[in-house]
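K.L.:
Got query-v2.cif for you, mmCIF, C-alpha atoms:
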data_entry
loop_
_atom_site.label_atom_id
_atom_site.label_comp_id
_atom_site.auth_asym_id
_atom_site.auth_seq_id
_atom_site.Cartn_x
_atom_site.Cartn_y
_atom_site.Cartn_z
CA GLY V 458 4.26 -13.68 2.00
CA ALA V 459 2.34 -14.29 -1.17
CA VAL V 460 3.65 -13.18 -4.55
CA VAL V 461 1.90 -10.72 -6.84
CA SER V 462 3.26 -9.87 -10.25
CA GLN V 463 2.50 -7.00 -12.60
CA HIS V 464 3.08 -6.73 -16.30
CA PRO V 465 4.49 -4.70 -17.86
CA SER V 466 6.85 -3.09 -15.35
CA TRP V 467 6.97 0.00 -17.51
CA VAL V 468 5.23 1.18 -20.65
CA ILE V 469 5.47 4.21 -22.89
CA CYS V 470 2.58 4.98 -25.19
CA LYS V 471 1.29 7.72 -27.43
CA SER V 472 -1.50 10.00 -26.40
CA GLY V 473 -4.89 8.60 -27.39
CA THR V 474 -3.93 4.95 -27.23
CA SER V 475 -5.08 2.42 -24.63
CA VAL V 476 -2.80 0.52 -22.30
CA LYS V 477 -3.53 -2.67 -20.38
CA ILE V 478 -1.76 -3.58 -17.15
CA GLU V 479 -2.02 -7.09 -15.73
CA CYS V 480 -1.90 -8.07 -12.08
CA ARG V 481 -1.50 -11.71 -11.13
CA SER V 482 -1.49 -13.50 -7.80
CA LEU V 483 0.99 -16.31 -8.32
CA ASP V 484 0.51 -18.59 -5.34
CA PHE V 485 -2.89 -17.83 -3.86
CA GLN V 486 -6.43 -17.10 -4.92
CA ALA V 487 -7.18 -13.41 -4.75
CA THR V 488 -10.84 -12.79 -4.11
CA THR V 489 -10.18 -9.07 -4.03
CA MET V 490 -7.70 -6.96 -5.93
CA PHE V 491 -6.96 -3.30 -5.52
CA TRP V 492 -5.56 -0.74 -7.93
CA TYR V 493 -3.60 2.25 -6.72
CA ARG V 494 -2.04 5.22 -8.36
CA GLN V 495 1.04 6.89 -6.96
CA PHE V 496 2.73 10.16 -7.92
CA PRO V 497 6.39 10.76 -7.02
CA LYS V 498 6.99 11.16 -3.29
CA GLN V 499 3.29 10.84 -2.56
CA SER V 500 1.13 8.24 -0.95
CA LEU V 501 -0.83 5.51 -2.68
CA MET V 502 -4.23 6.62 -3.87
CA LEU V 503 -6.80 3.85 -4.10
CA MET V 504 -8.51 3.91 -7.49
CA ALA V 505 -10.78 0.90 -7.30
CA THR V 506 -11.50 -2.40 -5.63
CA SER V 507 -12.41 -5.43 -7.69
CA ASN V 508 -13.88 -8.71 -6.60
CA GLU V 509 -13.61 -11.76 -8.80
CA GLY V 510 -16.56 -12.07 -11.12
CA SER V 511 -18.20 -8.78 -10.27
CA LYS V 512 -17.90 -5.15 -11.29
CA ALA V 513 -15.21 -3.03 -9.74
CA THR V 514 -16.03 -0.42 -7.14
CA TYR V 515 -14.39 2.90 -7.99
CA GLU V 516 -13.32 5.54 -5.52
CA GLN V 517 -14.84 8.97 -5.75
CA GLY V 518 -13.30 11.03 -8.53
CA VAL V 519 -11.97 8.07 -10.52
CA GLU V 520 -13.44 7.84 -14.01
CA LYS V 521 -14.62 4.28 -14.49
CA ASP V 522 -14.89 4.68 -18.26
CA LYS V 523 -11.28 5.76 -18.43
CA PHE V 524 -9.85 3.17 -16.07
CA LEU V 525 -11.46 -0.14 -16.97
CA ILE V 526 -10.92 -2.91 -14.47
CA ASN V 527 -11.61 -6.57 -15.09
CA HIS V 528 -11.20 -9.31 -12.49
CA ALA V 529 -12.12 -12.34 -14.52
CA SER V 530 -10.41 -14.99 -12.42
CA LEU V 531 -9.09 -15.52 -8.92
CA THR V 532 -5.54 -14.93 -10.10
CA LEU V 533 -5.83 -12.13 -12.66
CA SER V 534 -7.05 -8.57 -12.71
CA THR V 535 -6.41 -6.06 -15.48
CA LEU V 536 -6.46 -2.28 -15.56
CA THR V 537 -6.94 -0.67 -18.95
CA VAL V 538 -6.22 3.01 -19.28
CA THR V 539 -8.32 4.08 -22.26
CA SER V 540 -7.44 6.99 -24.51
CA ALA V 541 -4.43 7.77 -22.38
CA HIS V 542 -3.21 11.34 -22.03
CA PRO V 543 -0.01 12.76 -20.52
CA GLU V 544 -1.82 13.49 -17.25
CA ASP V 545 -2.41 9.74 -16.87
CA SER V 546 1.34 9.22 -16.58
CA SER V 547 1.93 7.74 -13.16
CA PHE V 548 2.99 4.68 -11.21
CA TYR V 549 0.21 2.12 -10.95
CA ILE V 550 0.29 -0.51 -8.22
CA CYS V 551 -1.99 -3.47 -7.70
CA SER V 552 -2.47 -5.53 -4.60
CA ALA V 553 -4.32 -8.74 -3.88
CA ALA V 554 -6.07 -10.07 -0.81
CA GLY V 555 -7.18 -13.61 -0.13
CA THR V 556 -10.18 -14.12 2.10
CA SER V 557 -13.10 -12.14 3.41
CA GLY V 558 -14.36 -11.90 6.94
CA ARG V 559 -12.36 -11.25 10.05
CA SER V 560 -8.96 -12.60 9.33
CA SER V 561 -5.41 -11.39 9.35
CA TYR V 562 -5.22 -13.09 5.98
CA ASN V 563 -7.15 -10.20 4.51
CA GLU V 564 -3.65 -8.81 4.23
CA GLN V 565 -2.88 -7.16 0.93
CA PHE V 566 0.11 -8.33 -1.04
CA PHE V 567 1.49 -5.77 -3.43
CA GLY V 568 2.73 -6.06 -6.97
CA PRO V 569 5.94 -4.31 -8.03
CA GLY V 570 4.11 -1.58 -9.89
CA THR V 571 3.92 -0.34 -13.48
CA ARG V 572 5.32 2.97 -14.61
CA LEU V 573 3.15 4.47 -17.35
CA THR V 574 4.44 7.32 -19.46
CA VAL V 575 2.10 8.88 -21.99
CA LEU V 576 3.78 11.01 -24.64
CA ALA L 203 -14.16 7.79 7.79
CA GLN L 204 -10.78 6.74 9.08
CA THR L 205 -7.73 8.93 8.59
CA VAL L 206 -4.03 8.33 9.08
CA THR L 207 -1.60 11.17 9.71
CA GLN L 208 2.16 11.09 9.38
CA SER L 209 3.47 14.46 10.46
CA GLN L 210 7.10 13.95 9.47
CA PRO L 211 7.63 14.34 5.70
CA GLU L 212 11.33 13.52 6.05
CA MET L 213 13.60 12.10 8.72
CA SER L 214 17.33 11.43 8.86
CA VAL L 215 19.26 9.01 11.00
CA GLN L 216 22.89 8.11 11.33
CA GLU L 217 23.82 4.54 10.53
CA ALA L 218 23.60 2.30 13.63
CA GLU L 219 21.45 4.85 15.45
CA THR L 220 17.77 4.60 16.37
CA VAL L 221 14.95 6.55 14.76
CA THR L 222 11.24 6.79 15.49
CA LEU L 223 8.61 7.54 12.86
CA SER L 224 5.31 8.95 14.06
CA CYS L 225 1.80 8.00 13.04
CA THR L 226 -1.57 8.94 14.42
CA TYR L 227 -4.95 7.79 13.22
CA ASP L 228 -8.58 8.53 13.76
CA THR L 229 -11.31 5.92 13.93
CA SER L 230 -14.49 5.16 15.82
CA GLU L 231 -13.91 1.42 15.50
CA SER L 232 -12.50 -0.71 18.28
CA ASP L 233 -11.24 -3.60 16.18
CA TYR L 234 -8.70 -2.91 13.47
CA TYR L 235 -5.20 -3.52 12.21
CA LEU L 236 -2.32 -1.11 11.84
CA PHE L 237 0.62 -1.54 9.52
CA TRP L 238 3.93 -0.03 8.59
CA TYR L 239 5.01 -0.48 4.99
CA LYS L 240 8.38 0.31 3.50
CA GLN L 241 8.75 1.49 -0.09
CA PRO L 242 12.40 1.51 -1.17
CA PRO L 243 13.59 3.14 -4.41
CA SER L 244 12.45 0.04 -6.32
CA ARG L 245 8.93 1.11 -5.26
CA GLN L 246 7.95 -2.41 -4.19
CA MET L 247 5.74 -2.13 -1.11
CA ILE L 248 7.09 -4.27 1.72
CA LEU L 249 5.21 -5.01 4.92
CA VAL L 250 7.44 -4.14 7.86
CA ILE L 251 5.21 -4.81 10.83
CA ARG L 252 1.57 -5.36 11.76
CA GLN L 253 -0.34 -4.69 14.97
CA GLU L 254 -3.76 -6.04 15.90
CA ALA L 255 -5.66 -3.44 17.92
CA TYR L 256 -6.98 -6.01 20.39
CA LYS L 257 -3.44 -6.95 21.39
CA GLN L 258 -1.89 -4.83 24.09
CA GLN L 259 1.60 -6.10 23.45
CA ASN L 260 3.57 -4.05 20.98
CA ALA L 261 4.63 -5.91 17.84
CA THR L 262 8.32 -6.42 17.12
CA GLU L 263 10.15 -7.73 14.07
CA ASN L 264 13.89 -7.90 14.58
CA ARG L 265 15.13 -4.28 14.56
CA PHE L 266 11.64 -2.90 14.04
CA SER L 267 9.20 -2.32 16.87
CA VAL L 268 6.09 -0.25 17.40
CA ASN L 269 4.72 1.81 20.24
CA PHE L 270 0.97 1.30 20.02
CA GLN L 271 -1.08 3.62 22.21
CA LYS L 272 -4.70 2.76 21.51
CA ALA L 273 -6.26 5.42 23.68
CA ALA L 274 -4.09 8.10 22.11
CA LYS L 275 -4.56 6.57 18.64
CA SER L 276 -0.84 6.61 18.10
CA PHE L 277 1.28 4.01 16.31
CA SER L 278 4.96 4.91 16.02
CA LEU L 279 7.68 2.81 14.42
CA LYS L 280 11.10 2.49 16.00
CA ILE L 281 14.01 1.33 13.89
CA SER L 282 17.04 0.27 15.90
CA ASP L 283 20.59 -0.06 14.61
CA SER L 284 19.64 1.71 11.38
CA GLN L 285 21.19 0.37 8.21
CA LEU L 286 21.70 1.92 4.80
CA GLY L 287 19.12 -0.48 3.42
CA ASP L 288 16.49 1.03 5.69
CA ALA L 289 16.47 4.18 3.56
CA ALA L 290 13.00 4.31 2.01
CA MET L 291 9.60 5.89 2.21
CA TYR L 292 7.60 4.52 5.11
CA PHE L 293 3.83 4.43 5.15
CA CYS L 294 1.58 3.91 8.13
CA ALA L 295 -1.71 2.25 7.24
CA TYR L 296 -5.01 1.35 8.88
CA ARG L 297 -7.45 -1.40 8.08
CA SER L 298 -10.74 -2.23 9.72
CA ALA L 299 -10.86 -5.76 11.12
CA TRP L 300 -13.92 -6.48 9.00
CA GLY L 301 -12.84 -4.78 5.83
CA ASN L 302 -9.96 -5.09 3.43
CA LYS L 303 -9.29 -1.51 2.34
CA LEU L 304 -6.10 0.10 3.54
CA VAL L 305 -6.03 3.76 4.51
CA PHE L 306 -2.52 5.14 4.07
CA GLY L 307 -0.76 8.07 5.63
CA ALA L 308 1.16 10.55 3.50
CA GLY L 309 4.45 8.80 4.13
CA THR L 310 7.80 9.67 5.70
CA ILE L 311 11.02 9.63 3.70
CA LEU L 312 13.78 8.15 5.82
CA ARG L 313 17.38 8.94 4.92
CA VAL L 314 20.21 6.98 6.49
CA LYS L 315 23.61 8.66 6.69
CA SER L 316 26.83 6.69 6.70
#
Would you give me this structure, written as structure tokens?

P.N.:
Amino acid sequence: GAVVSQHPSWVICKSGTSVKIECRSLDFQATTMFWYRQFPKQSLMLMATSNEGSKATYEQGVEKDKFLINHASLTLSTLTVTSAHPEDSSFYICSAAGTSGRSSYNEQFFGPGTRLTVL
Amino acid sequence: AQTVTQSQPEMSVQEAETVTLSCTYDTSESDYYLFWYKQPPSRQMILVIRQEAYKQQNATENRFSVNFQKAAKSFSLKISDSQLGDAAMYFCAYRSAWGNKLVFGAGTILRVKS
């Protein structure tokens, strides 16, 4: 399968600061990237879907001004958690998908995740 | 909207034994994909197996196989000859054939006893 990387793998920050997480598709062009949030022993919760060159589509209940997503190229998407607070502490996972239309290659390839701890 | 239900929060299996994880889903679509993902302690999501809804034949990948019952909207995962490395959280997921969003179940924690 394709390789997706995330950076950093973990980050600790102070309350009120902003944190940027990068998601890169290393060996394919990702037309669509997804950002998930996961709490311990729970399922993945989709936060937003981003398509290269356009604004992200946020799921209901996700604050778009707090979780800024940029998908500036076919290999890079970033999630910025602005003015982070302890309740934003979580595990953030990105995934990337290649093509659109009816294709098994719409398959999502997942990054290894980023653990964010806000003090 | 589609939903995926995993009714077993936790399961245990003895090493070398067989275990089946349950998954049911609800959809009005006829064309879709179903997946099982494994999330080990490293938390890296790993695709275990995929099933296209238009295929009647159940997918298999080495020790992993599915029982896909389209009419019953059931998609269970059977793990044969369980190994310690199979211990993980397993997620069942649905995706429309024409979309790219995954709908995940709540997950099942699988423990493997030696």

K.L.:
Which residues fall under the PyMOL selection byres ((chain L and resi 257-262) around 12) in this file, as a PyMOL selection string?

P.N.:
chain L and resi 232-238+250-256+263-273+276-282

K.L.:
To test your reading of the syntax: which residues would the PyMOL selection byres ((chain V and resi 489) around 9) return for the file shown? Reply as a PDB file with C-alpha atoms, in the frame of the given file.

P.N.:
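That gives us selection_34.pdb:
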ATOM      1  CA  GLN V 486      -6.430 -17.100  -4.920  1.00  0.00           C
ATOM      2  CA  ALA V 487      -7.180 -13.410  -4.750  1.00  0.00           C
ATOM      3  CA  THR V 488     -10.840 -12.790  -4.110  1.00  0.00           C
ATOM      4  CA  MET V 490      -7.700  -6.960  -5.930  1.00  0.00           C
ATOM      5  CA  PHE V 491      -6.960  -3.300  -5.520  1.00  0.00           C
ATOM      6  CA  THR V 506     -11.500  -2.400  -5.630  1.00  0.00           C
ATOM      7  CA  SER V 507     -12.410  -5.430  -7.690  1.00  0.00           C
ATOM      8  CA  ASN V 508     -13.880  -8.710  -6.600  1.00  0.00           C
ATOM      9  CA  GLU V 509     -13.610 -11.760  -8.800  1.00  0.00           C
ATOM     10  CA  HIS V 528     -11.200  -9.310 -12.490  1.00  0.00           C
ATOM     11  CA  LEU V 531      -9.090 -15.520  -8.920  1.00  0.00           C
ATOM     12  CA  SER V 552      -2.470  -5.530  -4.600  1.00  0.00           C
ATOM     13  CA  ALA V 553      -4.320  -8.740  -3.880  1.00  0.00           C
ATOM     14  CA  ALA V 554      -6.070 -10.070  -0.810  1.00  0.00           C
ATOM     15  CA  GLY V 555      -7.180 -13.610  -0.130  1.00  0.00           C
ATOM     16  CA  THR V 556     -10.180 -14.120   2.100  1.00  0.00           C
ATOM     17  CA  SER V 557     -13.100 -12.140   3.410  1.00  0.00           C
TER      18      SER V 557
ATOM     19  CA  ASN L 302      -9.960  -5.090   3.430  1.00  0.00           C
TER      20      ASN L 302
END

K.L.:
Contacts of Lys523 (chain V) at 10 Å or less, counting all atoms listed in the file, minus same-chain residues fewer than 3 places along, as a count of residues only?

P.N.:
11

K.L.:
Taking all atoms listed in the file into account, what are the residues of chain L at most 12 Å from chain V, put as JSON, numbers by chain?

P.N.:
{"L": [206, 207, 208, 211, 212, 233, 234, 235, 236, 237, 239, 240, 241, 242, 243, 244, 245, 246, 247, 248, 249, 250, 251, 252, 253, 254, 255, 290, 291, 292, 293, 294, 295, 296, 297, 298, 299, 300, 301, 302, 303, 304, 305, 306, 307, 308, 309, 310, 311, 312]}

K.L.:
Report as a list in words all protein, DNA and RNA residues lying within 8 Å of His542 (chain V), evaluated on all atoms listed in the file, omitting residues in the same chain fewer than 2 positions from it.

P.N.:
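Listed by chain and then number, they are Lys471, Ser472, Gly473, Ser540, Glu544, Asp545, Ser546, Val575 and Leu576 of chain V.
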
K.L.:
Those same residues - C-alpha atoms - I'd like them written as a PDB file, keeping the file's coordinate frame.

P.N.:
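In the end it all went to result-v9.pdb:
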ATOM      1  CA  LYS V 471       1.290   7.720 -27.430  1.00  0.00           C
ATOM      2  CA  SER V 472      -1.500  10.000 -26.400  1.00  0.00           C
ATOM      3  CA  GLY V 473      -4.890   8.600 -27.390  1.00  0.00           C
ATOM      4  CA  SER V 540      -7.440   6.990 -24.510  1.00  0.00           C
ATOM      5  CA  GLU V 544      -1.820  13.490 -17.250  1.00  0.00           C
ATOM      6  CA  ASP V 545      -2.410   9.740 -16.870  1.00  0.00           C
ATOM      7  CA  SER V 546       1.340   9.220 -16.580  1.00  0.00           C
ATOM      8  CA  VAL V 575       2.100   8.880 -21.990  1.00  0.00           C
ATOM      9  CA  LEU V 576       3.780  11.010 -24.640  1.00  0.00           C
TER      10      LEU V 576
END

K.L.:
Could you check how far CA of Asp288 (chain L) sits from CA of Cys225 (chain L), in Å to one decimal?

P.N.:
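Separation between CA of Asp288 (chain L) and CA of Cys225 (chain L): 17.8 Å.
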
K.L.:
Quick one: residues within 6 Å of His464 (chain V), all atoms listed in the file counted, chain neighbours fewer than 2 positions away excluded, as an MDAnalysis selection string?

P.N.:
chainID V and resid 466 478:479

K.L.:
Considering only C-alpha atoms, return as a list in words whatever protein or nucleic-acid residues lie within 7 Å of Val460 (chain V), sequence-local ones (same chain, fewer than 4 positions apart) excluded.

P.N.:
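In the requested form, the answer reads Ser482, Leu483, Asp484 and Phe566 of chain V.
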
K.L.:
Would you write out those residues with C-alpha atoms, as a PDB file, in the coordinates of the input?

P.N.:
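Output below, filename again-v3.pdb:
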ATOM      1  CA  SER V 482      -1.490 -13.500  -7.800  1.00  0.00           C
ATOM      2  CA  LEU V 483       0.990 -16.310  -8.320  1.00  0.00           C
ATOM      3  CA  ASP V 484       0.510 -18.590  -5.340  1.00  0.00           C
ATOM      4  CA  PHE V 566       0.110  -8.330  -1.040  1.00  0.00           C
TER       5      PHE V 566
END

K.L.:
May I ask for the distance between CA of Leu223 (chain L) and CA of Phe496 (chain V), given in Å to one decimal place?

P.N.:
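The value is 21.8 Å.
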
K.L.:
Pull out every residue that the PyMOL selection byres ((chain V and resi 516) around 6) matches in the shown coordinates and put them as an mmCIF file with C-alpha atoms, in the frame of the given file.

P.N.:
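Okay, expr37.cif is ready:
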data_model
loop_
_atom_site.group_PDB
_atom_site.id
_atom_site.type_symbol
_atom_site.label_atom_id
_atom_site.label_comp_id
_atom_site.auth_asym_id
_atom_site.auth_seq_id
_atom_site.Cartn_x
_atom_site.Cartn_y
_atom_site.Cartn_z
ATOM 1 C CA MET V 504 -8.510 3.910 -7.490
ATOM 2 C CA ALA V 505 -10.780 0.900 -7.300
ATOM 3 C CA TYR V 515 -14.390 2.900 -7.990
ATOM 4 C CA GLN V 517 -14.840 8.970 -5.750
ATOM 5 C CA VAL V 519 -11.970 8.070 -10.520
#

K.L.:
Can you measure CA of Ser214 (chain L) to CA of Lys275 (chain L) for me? One decimal in Å is fine.

P.N.:
24.5 Å
